[in-house]
$ cat run-v8.cif   # mmCIF, N, CA, C and O atoms
data_protein
loop_
_atom_site.label_atom_id
_atom_site.label_comp_id
_atom_site.auth_asym_id
_atom_site.auth_seq_id
_atom_site.Cartn_x
_atom_site.Cartn_y
_atom_site.Cartn_z
N MET A 1 111.06 83.02 87.54
CA MET A 1 110.89 84.18 88.40
C MET A 1 111.10 83.73 89.84
O MET A 1 110.45 82.82 90.32
N ASP A 2 112.02 84.39 90.55
CA ASP A 2 112.24 84.02 91.95
C ASP A 2 111.29 84.77 92.87
O ASP A 2 110.48 85.58 92.45
N ARG A 3 111.40 84.49 94.16
CA ARG A 3 110.45 85.02 95.14
C ARG A 3 110.50 86.54 95.19
O ARG A 3 109.45 87.19 95.27
N ASP A 4 111.68 87.15 95.17
CA ASP A 4 111.79 88.61 95.25
C ASP A 4 111.15 89.30 94.04
O ASP A 4 110.49 90.32 94.18
N GLU A 5 111.36 88.73 92.86
CA GLU A 5 110.74 89.30 91.66
C GLU A 5 109.23 89.19 91.74
O GLU A 5 108.51 90.09 91.32
N GLY A 6 108.73 88.07 92.28
CA GLY A 6 107.30 87.88 92.44
C GLY A 6 106.71 88.90 93.39
O GLY A 6 105.63 89.44 93.15
N LEU A 7 107.40 89.17 94.50
CA LEU A 7 106.91 90.17 95.46
C LEU A 7 106.94 91.56 94.85
O LEU A 7 106.03 92.35 95.07
N THR A 8 107.97 91.86 94.09
CA THR A 8 108.05 93.17 93.45
C THR A 8 106.90 93.35 92.46
O THR A 8 106.28 94.41 92.42
N ALA A 9 106.62 92.33 91.68
CA ALA A 9 105.50 92.41 90.73
C ALA A 9 104.19 92.58 91.47
O ALA A 9 103.34 93.38 91.08
N LEU A 10 104.02 91.84 92.56
CA LEU A 10 102.80 91.95 93.37
C LEU A 10 102.71 93.34 93.99
O LEU A 10 101.64 93.94 94.03
N ASP A 11 103.83 93.87 94.48
CA ASP A 11 103.84 95.22 95.05
C ASP A 11 103.40 96.25 94.01
O ASP A 11 102.63 97.16 94.32
N ASN A 12 103.88 96.10 92.79
CA ASN A 12 103.49 97.02 91.72
C ASN A 12 101.99 96.94 91.45
O ASN A 12 101.33 97.97 91.28
N ILE A 13 101.47 95.73 91.43
CA ILE A 13 100.03 95.55 91.20
C ILE A 13 99.24 96.17 92.34
O ILE A 13 98.27 96.89 92.13
N VAL A 14 99.67 95.89 93.57
CA VAL A 14 98.93 96.35 94.75
C VAL A 14 98.94 97.87 94.85
O VAL A 14 97.92 98.48 95.18
N THR A 15 100.06 98.50 94.54
CA THR A 15 100.12 99.96 94.63
C THR A 15 99.39 100.64 93.47
O THR A 15 98.95 101.77 93.59
N GLN A 16 99.24 99.94 92.37
CA GLN A 16 98.58 100.51 91.19
C GLN A 16 97.06 100.54 91.32
O GLN A 16 96.41 101.42 90.76
N PHE A 17 96.49 99.59 92.08
CA PHE A 17 95.03 99.47 92.17
C PHE A 17 94.58 99.64 93.62
O PHE A 17 95.21 99.14 94.54
N ASN A 18 93.44 100.33 93.79
CA ASN A 18 92.90 100.55 95.14
C ASN A 18 92.24 99.31 95.72
O ASN A 18 92.34 99.06 96.92
N THR A 19 91.57 98.54 94.88
CA THR A 19 90.87 97.35 95.36
C THR A 19 91.19 96.17 94.45
O THR A 19 91.66 96.34 93.31
N TYR A 20 90.91 94.99 94.97
CA TYR A 20 91.12 93.77 94.19
C TYR A 20 90.20 93.75 92.96
O TYR A 20 90.60 93.31 91.88
N GLU A 21 88.99 94.28 93.12
CA GLU A 21 88.06 94.34 91.99
C GLU A 21 88.58 95.24 90.88
O GLU A 21 88.41 94.95 89.70
N ASP A 22 89.24 96.35 91.26
CA ASP A 22 89.85 97.23 90.26
C ASP A 22 90.92 96.47 89.47
O ASP A 22 91.04 96.63 88.25
N PHE A 23 91.71 95.66 90.19
CA PHE A 23 92.73 94.86 89.52
C PHE A 23 92.09 93.87 88.55
O PHE A 23 92.52 93.75 87.40
N LEU A 24 91.04 93.17 89.00
CA LEU A 24 90.36 92.22 88.13
C LEU A 24 89.77 92.92 86.91
O LEU A 24 89.90 92.43 85.78
N ASP A 25 89.16 94.07 87.14
CA ASP A 25 88.56 94.82 86.03
C ASP A 25 89.60 95.24 85.00
O ASP A 25 89.29 95.32 83.81
N SER A 26 90.82 95.50 85.46
CA SER A 26 91.86 95.92 84.52
C SER A 26 92.26 94.78 83.58
O SER A 26 92.82 95.01 82.52
N GLN A 27 91.96 93.55 83.97
CA GLN A 27 92.31 92.38 83.17
C GLN A 27 91.20 91.99 82.18
O GLN A 27 91.40 91.15 81.32
N ILE A 28 90.03 92.61 82.32
CA ILE A 28 88.88 92.27 81.49
C ILE A 28 88.83 93.20 80.29
O ILE A 28 88.94 94.41 80.42
N THR A 29 88.62 92.62 79.13
CA THR A 29 88.52 93.42 77.91
C THR A 29 87.05 93.64 77.55
O THR A 29 86.15 92.97 78.06
N THR A 30 86.82 94.56 76.66
CA THR A 30 85.46 94.82 76.19
C THR A 30 84.91 93.60 75.44
O THR A 30 83.71 93.33 75.47
N VAL A 31 85.79 92.86 74.78
CA VAL A 31 85.38 91.65 74.08
C VAL A 31 84.90 90.60 75.09
O VAL A 31 83.89 89.92 74.85
N ASP A 32 85.61 90.49 76.21
CA ASP A 32 85.18 89.56 77.27
C ASP A 32 83.76 89.90 77.72
O ASP A 32 82.91 89.01 77.84
N LEU A 33 83.51 91.18 77.98
CA LEU A 33 82.20 91.60 78.44
C LEU A 33 81.13 91.40 77.36
O LEU A 33 79.98 91.08 77.66
N TYR A 34 81.51 91.58 76.10
CA TYR A 34 80.56 91.38 75.02
C TYR A 34 80.07 89.94 74.98
O TYR A 34 78.86 89.68 74.88
N TYR A 35 81.01 88.98 75.08
CA TYR A 35 80.62 87.58 74.98
C TYR A 35 80.05 87.03 76.29
O TYR A 35 79.13 86.21 76.27
N LEU A 36 80.57 87.44 77.41
CA LEU A 36 80.12 86.90 78.70
C LEU A 36 78.84 87.58 79.19
O LEU A 36 78.05 86.98 79.89
N GLU A 37 78.69 88.86 78.88
CA GLU A 37 77.55 89.67 79.29
C GLU A 37 77.35 89.71 80.80
O GLU A 37 76.24 89.93 81.28
N ASP A 38 78.41 89.46 81.56
CA ASP A 38 78.31 89.46 83.01
C ASP A 38 79.68 89.81 83.60
O ASP A 38 80.63 89.04 83.48
N GLU A 39 79.74 90.98 84.23
CA GLU A 39 81.01 91.45 84.78
C GLU A 39 81.49 90.54 85.91
O GLU A 39 82.68 90.29 86.05
N GLY A 40 80.56 90.04 86.72
CA GLY A 40 80.93 89.14 87.82
C GLY A 40 81.57 87.86 87.32
O GLY A 40 82.57 87.39 87.88
N LEU A 41 81.01 87.31 86.27
CA LEU A 41 81.58 86.09 85.68
C LEU A 41 82.95 86.37 85.09
O LEU A 41 83.88 85.57 85.24
N ALA A 42 83.09 87.50 84.44
CA ALA A 42 84.38 87.87 83.86
C ALA A 42 85.43 88.00 84.96
O ALA A 42 86.56 87.54 84.81
N ARG A 43 85.05 88.61 86.10
CA ARG A 43 85.98 88.73 87.23
C ARG A 43 86.37 87.36 87.76
O ARG A 43 87.54 87.12 88.09
N GLN A 44 85.41 86.46 87.86
CA GLN A 44 85.71 85.12 88.36
C GLN A 44 86.69 84.40 87.44
O GLN A 44 87.61 83.71 87.92
N LEU A 45 86.51 84.54 86.14
CA LEU A 45 87.41 83.90 85.19
C LEU A 45 88.83 84.44 85.30
O LEU A 45 89.80 83.69 85.22
N VAL A 46 88.95 85.74 85.51
CA VAL A 46 90.27 86.34 85.70
C VAL A 46 90.88 85.84 87.01
O VAL A 46 92.06 85.46 87.06
N GLU A 47 90.07 85.81 88.07
CA GLU A 47 90.55 85.38 89.38
C GLU A 47 91.05 83.93 89.33
O GLU A 47 92.04 83.59 89.98
N LEU A 48 90.40 83.10 88.55
CA LEU A 48 90.80 81.70 88.43
C LEU A 48 91.94 81.49 87.44
O LEU A 48 92.51 80.40 87.36
N GLY A 49 92.27 82.53 86.70
CA GLY A 49 93.39 82.44 85.77
C GLY A 49 93.01 81.99 84.38
O GLY A 49 93.89 81.75 83.55
N TYR A 50 91.72 81.88 84.09
CA TYR A 50 91.29 81.45 82.76
C TYR A 50 91.30 82.59 81.75
O TYR A 50 91.40 82.36 80.56
N ARG A 51 91.14 83.80 82.22
CA ARG A 51 91.16 84.98 81.35
C ARG A 51 92.04 86.02 81.98
O ARG A 51 92.35 85.96 83.16
N GLY A 52 92.40 86.98 81.21
CA GLY A 52 93.19 88.08 81.73
C GLY A 52 94.45 88.25 80.93
O GLY A 52 94.89 87.35 80.22
N THR A 53 95.00 89.41 81.06
CA THR A 53 96.18 89.74 80.26
C THR A 53 97.45 89.80 81.10
O THR A 53 98.50 90.16 80.60
N GLY A 54 97.34 89.47 82.37
CA GLY A 54 98.51 89.59 83.23
C GLY A 54 98.63 88.43 84.20
O GLY A 54 98.17 87.32 83.95
N GLU A 55 99.24 88.73 85.31
CA GLU A 55 99.56 87.74 86.33
C GLU A 55 98.33 87.39 87.17
O GLU A 55 97.50 88.23 87.45
N VAL A 56 98.24 86.13 87.58
CA VAL A 56 97.16 85.68 88.45
C VAL A 56 97.54 86.02 89.89
O VAL A 56 98.61 85.63 90.37
N VAL A 57 96.70 86.79 90.55
CA VAL A 57 96.93 87.18 91.94
C VAL A 57 95.70 86.81 92.74
O VAL A 57 94.59 87.20 92.38
N LYS A 58 95.90 86.07 93.81
CA LYS A 58 94.79 85.68 94.67
C LYS A 58 94.36 86.85 95.53
O LYS A 58 95.17 87.70 95.89
N ARG A 59 93.08 86.87 95.87
CA ARG A 59 92.52 87.95 96.70
C ARG A 59 93.28 88.05 98.03
O ARG A 59 93.61 89.15 98.47
N GLU A 60 93.55 86.92 98.66
CA GLU A 60 94.24 86.93 99.95
C GLU A 60 95.63 87.55 99.84
O GLU A 60 96.05 88.33 100.70
N ASP A 61 96.36 87.20 98.77
CA ASP A 61 97.70 87.76 98.55
C ASP A 61 97.63 89.27 98.32
O ASP A 61 98.44 90.03 98.85
N PHE A 62 96.66 89.68 97.52
CA PHE A 62 96.49 91.11 97.22
C PHE A 62 96.22 91.89 98.50
O PHE A 62 96.88 92.89 98.79
N GLU A 63 95.24 91.42 99.28
CA GLU A 63 94.85 92.14 100.49
C GLU A 63 95.94 92.12 101.56
O GLU A 63 96.16 93.12 102.24
N ALA A 64 96.65 91.00 101.69
CA ALA A 64 97.73 90.91 102.66
C ALA A 64 98.87 91.87 102.30
O ALA A 64 99.41 92.57 103.17
N ARG A 65 99.22 91.90 101.03
CA ARG A 65 100.30 92.79 100.59
C ARG A 65 99.89 94.25 100.71
O ARG A 65 100.68 95.12 101.06
N LYS A 66 98.62 94.54 100.40
CA LYS A 66 98.09 95.91 100.52
C LYS A 66 98.19 96.37 101.98
O LYS A 66 98.62 97.49 102.25
N ALA A 67 97.84 95.50 102.92
CA ALA A 67 97.93 95.83 104.35
C ALA A 67 99.37 96.02 104.78
O ALA A 67 99.69 96.95 105.53
N ALA A 68 100.27 95.17 104.30
CA ALA A 68 101.68 95.28 104.67
C ALA A 68 102.29 96.58 104.16
O ALA A 68 103.06 97.24 104.86
N ILE A 69 101.94 96.97 102.96
CA ILE A 69 102.45 98.22 102.39
C ILE A 69 101.91 99.41 103.18
O ILE A 69 102.64 100.37 103.44
N GLU A 70 100.65 99.35 103.56
CA GLU A 70 100.06 100.45 104.35
C GLU A 70 100.73 100.56 105.72
O GLU A 70 101.03 101.66 106.18
N ILE A 71 101.00 99.43 106.36
CA ILE A 71 101.68 99.43 107.66
C ILE A 71 103.08 100.02 107.51
O ILE A 71 103.52 100.82 108.34
N ALA A 72 103.79 99.62 106.47
CA ALA A 72 105.14 100.14 106.23
C ALA A 72 105.10 101.65 105.98
O ALA A 72 105.96 102.39 106.47
N ARG A 73 104.10 102.10 105.24
CA ARG A 73 103.97 103.53 104.95
C ARG A 73 103.69 104.32 106.23
O ARG A 73 104.29 105.38 106.46
N LEU A 74 102.81 103.80 107.07
CA LEU A 74 102.50 104.47 108.34
C LEU A 74 103.70 104.47 109.27
O LEU A 74 103.96 105.46 109.96
N ALA A 75 104.45 103.38 109.30
CA ALA A 75 105.64 103.30 110.15
C ALA A 75 106.70 104.31 109.68
O ALA A 75 107.34 104.97 110.50
N GLU A 76 106.84 104.44 108.38
CA GLU A 76 107.80 105.40 107.83
C GLU A 76 107.40 106.83 108.18
O GLU A 76 108.23 107.65 108.55
N ARG A 77 106.11 107.12 108.08
CA ARG A 77 105.61 108.45 108.41
C ARG A 77 105.84 108.74 109.90
O ARG A 77 106.21 109.84 110.27
N THR A 78 105.61 107.74 110.75
CA THR A 78 105.79 107.92 112.19
C THR A 78 107.26 108.17 112.54
O THR A 78 107.58 108.98 113.39
N GLN A 79 108.15 107.47 111.86
CA GLN A 79 109.60 107.64 112.09
C GLN A 79 110.07 109.02 111.69
O GLN A 79 110.96 109.58 112.31
N LYS A 80 109.49 109.59 110.65
CA LYS A 80 109.89 110.93 110.21
C LYS A 80 109.53 111.99 111.21
O LYS A 80 110.19 113.02 111.29
N LYS A 81 108.47 111.76 111.98
CA LYS A 81 108.05 112.73 112.99
C LYS A 81 108.95 112.60 114.16
O LYS A 81 109.59 113.22 114.76
#
$ encode --input "run-v8.cif" --output "structure tokens"
Amino acid sequence: MDRDEGLTALDNIVTQFNTYEDFLDSQITTVDLYYLEDEGLARQLVELGYRGTGEVVKREDFEARKAAIEIARLAERTQKK
């Protein structure tokens, strides 16, 4: 996967979820919660890449990309006016 594909995948993740915690929660299964009995621990395991069904995304990358997309959206809206 090259850099552009990675950014596109990250953009899809960032636009799909409102918060980083929502993204982490989407990677946690009911079986994970059954055995771990702790949502915080399950989130940490996903964040570290030990559990989850998708791509590992760091909090900093998620928040930076979310901010960049919001800035681009606001700039586009301003240009239309």
$ atom_distance --input "run-v8.cif" --atom1 "atom N of Thr19 in chain A" --atom2 "atom N of Tyr35 in chain A"
24.4 Å
$ atom_distance --input "run-v8.cif" --atom1 "CA of Asn18 in chain A" --atom2 "CA of Phe62 in chain A"
10.3 Å
$ closest_residue --input "run-v8.cif" --among "A:Leu24, A:Leu33, A:Ile13, A:Ala64" --to "Val46 in chain A" --atoms "only N, CA, C and O atoms"
A:Leu24
$ select_by_dssp --input "run-v8.cif" --residues "chain A" --states "helix (DSSP H, G or I)" --output "JSON, numbers by chain"
{"A": [3, 4, 5, 6, 7, 8, 9, 10, 11, 12, 13, 14, 15, 16, 20, 21, 22, 23, 24, 25, 26, 27, 30, 31, 32, 33, 34, 35, 36, 39, 40, 41, 42, 43, 44, 45, 46, 47, 48, 59, 60, 61, 62, 63, 64, 65, 66, 67, 68, 69, 70, 71, 72, 73, 74, 75, 76, 77, 78, 79, 80]}
$ atom_distance --input "run-v8.cif" --atom1 "atom C of Asp38 in chain A" --atom2 "CA of Lys58 in chain A"
19.2 Å
$ closest_residue --input "run-v8.cif" --among "A:Arg51, A:Ala68, A:Thr15, A:Ala9" --to "Ile28 in chain A" --atoms "all atoms listed in the file"
A:Arg51
$ axis_aligned_box --input "run-v8.cif" --around "range 35-44 of chain A" --padding-each-side "4 Å" --output "AutoDock Vina command-line options"
--center_x 81.9 --center_y 87.6 --center_z 81.7 --size_x 19.4 --size_y 15.7 --size_z 21.4
$ residues_around --input "run-v8.cif" --residues "Ala42 in chain A" --least-positions-apart "2" --cutoff "8 Å" --atoms "only N, CA, C and O atoms" --output "list in words"
Leu24, Asp25, Gln27, Ile28, Thr29, Asp32, Leu33, Leu36, Glu37, Asp38, Glu39, Gly40, Gln44, Leu45, Val46, Glu47, Leu48, Gly49, Tyr50, Arg51 and Gly52 of chain A
$ residues_around --input "run-v8.cif" --residues "Arg65 in chain A" --least-positions-apart "5" --cutoff "7 Å" --atoms "only N, CA, C and O atoms" --output "count of residues only"
7
$ closest_residue --input "run-v8.cif" --among "A:Ile69, A:Tyr20, A:Leu41, A:Asn12" --to "Val57 in chain A" --atoms "all atoms listed in the file"
A:Tyr20
